[in-house]
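**Q** Here it is: the structure, laid out below.
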Amino acid sequence: MSSSSEKIYIFDTTLRDGEQSAGIGFTKEDKLQIAHALNKLNVDIIEAGFPASSIGDLEAVAAIAREIKGPVICGLARANEKDIDAVWEAVRLAESPRIHVFLSSSDIHMAQQLHKNKEDVIAMARTSIAQASKYCSDIEFSPMDATRSDPDFVYQLVQAAIEEGATTINIPDTVGYAIPEEFSKFISSLKTNVKDIDKVRISVHCQNDLGMATANSIAGIMAGARQVEGTINGIGERAGNASLEEIIMTINTRQDIINLHTNINTEEIYASSKLVERLSGMHVQSNKAIVGKNAFRHSSGIHQDGVLKMRETYEIIDPKTIGLYNDQSIVLTKVSGRHGLKARLDDLGIIVSDEDFDQVFNAFKDVADKKNEVDDRDLEVILSELGNIDFEEEWILESVQVSTGDNQKPTAAVELKNNENNKLFQDAAIGDGPIDAICKAINRIVKTDNKLTEYRVKSVTEGIDAQGEVAVSINYQGQSFAGNAAHTDILVASAKAYMNALNKQIIYNKRREKKGEKHNDE
Ligand code: KIV
């Protein structure tokens, strides 16, 4: 970033326009949680809601205004007295409050919705902004549907708004109709046609109906806007709003031609996206730019080979920049190559000799032809069927004793040997059941945490002395590790299967650490 670069103010409207997505309804607690995440992300303005829309929303905006220190807290109002009073009531306790007034400027909206002519609309804008200015000095005005309006009327309306005290003029592409070149010209034209435009900050607010929201936002800031509005994950009315993470990372990545910067803490992008995904219930599509599951994953052999040799060959952003630390970039599919398979086996701590590798690769291709994605469990099945699996186990189960019954809390005592220093360690734990007690006791020694996500037991031989085979799956920070073991005592088999999965998790973490990668919970 050049030292002369100007700042772009990031206005987040996830809690207002984002909430206007069909199917989303945030509770007050959800809104507060998201507002805290936005504060960590370091956005400049949080549009926390539309207080006149309901008492609940007014209370949620007020709670955010009281609790969140740092960003400007803004509420939306139509150009009428009641709405403006409701916004002020909600934001007045904020460290830096803002009132955002909007009013339609297009012929179709004025005739069909407002039933007003141009003079009426200018008068409404003047009265409402004058009212808002009595409450606070930070006023944003948006001529709704600006891009489908008569430009000369927008210039007049905006000039009137500035005369009454508006400090930010936001140009919304309300129905996502504009295309970048046209939008850029519109923003530039404000500078030559609105007398007092230099006294205010120009903002852009783009919807995604034609999939142009990010492109239009970037065109807008390159044409002189210094505030950009959008939502996390691009949620919002119809096809959504401009996606803030895309805009921020475009500015960040294309510093060679965009001589502008934001104050965003980009390492919080991934966590904010996940939080909004969870609380909104709107899943992020896998191929969504920046935050989609596949945004940093490579499937084809040529791409995997390139990325493994040098990440930049096929990645324009280092995933760590957005706070994505768990490298899951290599996806094994039928188009993957040897380099990708070797790297994944290496990550899992699985050693396959050079002589055996061809055989493993061919077996992998056979499975990949039948499945979309070959996961770690498939690899283990392939390797165990070929009989050439070899692990560097760090911890060995020496003994396990479980005491359980219908009138006592299940308790497990375990002894483990650490293979690196040959020392023995003992510990015990109480659990919800005997398996839980075993896992907890082991975790106490190994000092780790994870979730047992799958547990299956089956008998592999017959009769009273049948061998029980246990298969488990544990999840650690989004990565799954499978473990298997057989024993005549199913509790011993369970402990061994758990140790098997845990050793893979430990090897995986060590390799990540060696490569200097952080974990997502740090
Ligand atoms: O899309 C729009 O026009 C809006 C305004 C209220 C800014 O959301």
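Following the order of the structure tokens, first chain is A, next is B, and so on, with residues numbered from 1 inside each chain and ligands from 1 in the order they appear.
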Check which residues fall inside 9 Å of ligand 1 when counting only C-alpha atoms and all ligand atoms, and print them as a VMD selection string.
**A** chain A and resid 13 16 to 17 76 to 78 100 to 104 141 to 146 170 to 176 204 to 207 229 237 241
**Q** I'd like the contact shell of His339 of chain A - 7 Å cut-off, only C-alpha atoms, skipping same-chain residues fewer than 3 positions apart - returned as an mmCIF file with all heavy atoms, in the first residue's frame.
**A**
data_model
loop_
_atom_site.group_PDB
_atom_site.id
_atom_site.type_symbol
_atom_site.label_atom_id
_atom_site.label_comp_id
_atom_site.auth_asym_id
_atom_site.auth_seq_id
_atom_site.Cartn_x
_atom_site.Cartn_y
_atom_site.Cartn_z
ATOM 1 N N ASP A 305 0.136 -29.722 -8.386
ATOM 2 C CA ASP A 305 1.590 -29.747 -8.554
ATOM 3 C C ASP A 305 2.150 -28.323 -8.450
ATOM 4 O O ASP A 305 3.119 -28.069 -7.742
ATOM 5 C CB ASP A 305 1.915 -30.369 -9.925
ATOM 6 C CG ASP A 305 3.411 -30.408 -10.172
ATOM 7 O OD1 ASP A 305 4.091 -31.069 -9.364
ATOM 8 O OD2 ASP A 305 3.883 -29.774 -11.130
ATOM 9 N N LYS A 342 0.875 -37.641 -2.652
ATOM 10 C CA LYS A 342 2.048 -37.765 -1.760
ATOM 11 C C LYS A 342 1.960 -36.740 -0.631
ATOM 12 O O LYS A 342 2.219 -37.059 0.536
ATOM 13 C CB LYS A 342 3.335 -37.515 -2.572
ATOM 14 C CG LYS A 342 4.155 -38.758 -2.761
ATOM 15 C CD LYS A 342 5.619 -38.462 -3.051
ATOM 16 C CE LYS A 342 6.376 -39.754 -3.018
ATOM 17 N NZ LYS A 342 6.486 -40.397 -4.326
ATOM 18 N N ALA A 343 1.578 -35.497 -0.994
ATOM 19 C CA ALA A 343 1.524 -34.430 0.015
ATOM 20 C C ALA A 343 0.483 -34.758 1.081
ATOM 21 O O ALA A 343 0.699 -34.537 2.267
ATOM 22 C CB ALA A 343 1.183 -33.106 -0.658
#
**Q** Mind giving me the straight-line distance from atom CA of Thr266 of chain A to atom CA of Ile330 of chain A in Å, one decimal?
**A**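 It comes out at 23.1 Å.
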**Q** Do you know which residues are at most 9 Å from segment 55-72 of chain A counting only C-alpha atoms, after dropping those on the same chain fewer than 4 positions away, and could you put them as JSON, numbers by chain?
**A** {"A": [27, 28, 29, 31, 32, 35, 36, 38, 39, 42, 43, 44, 45, 46, 47, 48, 49, 50, 51, 86, 87, 89, 90, 91, 92, 93, 94, 95, 96, 97, 98]}
**Q** Store the residues picked out above, limited to C-alpha atoms, as a short mmCIF file (atom, residue, chain, number, x, y, z; two decimals), in the first residue's frame.
**A**
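So the final result, stored in result-v2.cif, reads:
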data_model
loop_
_atom_site.label_atom_id
_atom_site.label_comp_id
_atom_site.auth_asym_id
_atom_site.auth_seq_id
_atom_site.Cartn_x
_atom_site.Cartn_y
_atom_site.Cartn_z
CA THR A 27 -32.47 -12.22 17.29
CA LYS A 28 -31.08 -9.41 19.44
CA GLU A 29 -28.41 -11.82 20.71
CA LYS A 31 -27.17 -9.17 16.19
CA LEU A 32 -24.94 -8.43 19.16
CA ALA A 35 -21.74 -6.69 15.79
CA HIS A 36 -18.87 -7.85 18.04
CA LEU A 38 -17.72 -6.75 12.85
CA ASN A 39 -15.93 -4.69 15.47
CA ASN A 42 -12.61 -3.26 12.28
CA VAL A 43 -15.39 -2.03 9.98
CA ASP A 44 -15.90 1.73 10.14
CA ILE A 45 -19.70 1.83 10.24
CA ILE A 46 -22.21 -0.78 11.39
CA GLU A 47 -25.74 -0.28 10.10
CA ALA A 48 -27.37 -2.14 12.95
CA GLY A 49 -30.99 -2.14 11.81
CA PHE A 50 -34.16 -0.35 10.81
CA PRO A 51 -35.54 0.72 14.22
CA ALA A 86 -36.99 5.81 16.19
CA VAL A 87 -33.44 5.79 14.81
CA GLU A 89 -33.89 6.71 20.16
CA ALA A 90 -31.93 3.59 19.15
CA VAL A 91 -28.52 5.09 18.35
CA ARG A 92 -28.32 8.09 20.67
CA LEU A 93 -26.17 6.26 23.25
CA ALA A 94 -23.60 5.18 20.69
CA GLU A 95 -20.09 6.58 20.92
CA SER A 96 -20.54 7.80 17.31
CA PRO A 97 -24.18 7.69 16.13
CA ARG A 98 -25.39 8.09 12.52
#
**Q** Could you jot down the atom CA of Lys293 of chain A to atom CA of Lys510 of chain A separation for me, Å, one decimal place?
**A**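 Pair atom CA of Lys293 of chain A / atom CA of Lys510 of chain A returns 23.8 Å.
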**Q** Report the distance between atom CA of Asn233 of chain A and atom CA of Glu6 of chain A in Å, rounded to one decimal place.
**A**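 Between atom CA of Asn233 of chain A and atom CA of Glu6 of chain A the gap works out to 25.3 Å.
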**Q** Going by DSSP on the backbone, which bits of segment 122-339 of chain A are strand (DSSP E or B)? Write them as a ChimeraX atom specification, please.
**A** /A:139-144,168-173,201-207,227-231,241,243,260-261,298,330
**Q** Mind the document's chain letters and residue numbers, and return as a ChimeraX atom specification the residues of segment 287-480 of chain A that DSSP labels helix (DSSP H, G or I).
**A** /A:301-309,311-313,319-322,338-347,354-370,376-386,434-446
**Q** Using only C-alpha atoms, which of A:Tyr325, A:Phe296, A:Tyr476, A:Phe26 sits nearest Ala271 of chain A?
**A**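 With only C-alpha atoms as the atom set, the closest residue is A:Tyr325.
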**Q** Let me make sure I understand: among A:Ile129, A:Ala486, A:Lys40, A:Ala160, which one has the smallest atom-to-atom distance to Tyr270 of chain A if we use only C-alpha atoms?
**A**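 For Tyr270 of chain A, the nearest of the candidates is A:Lys40.
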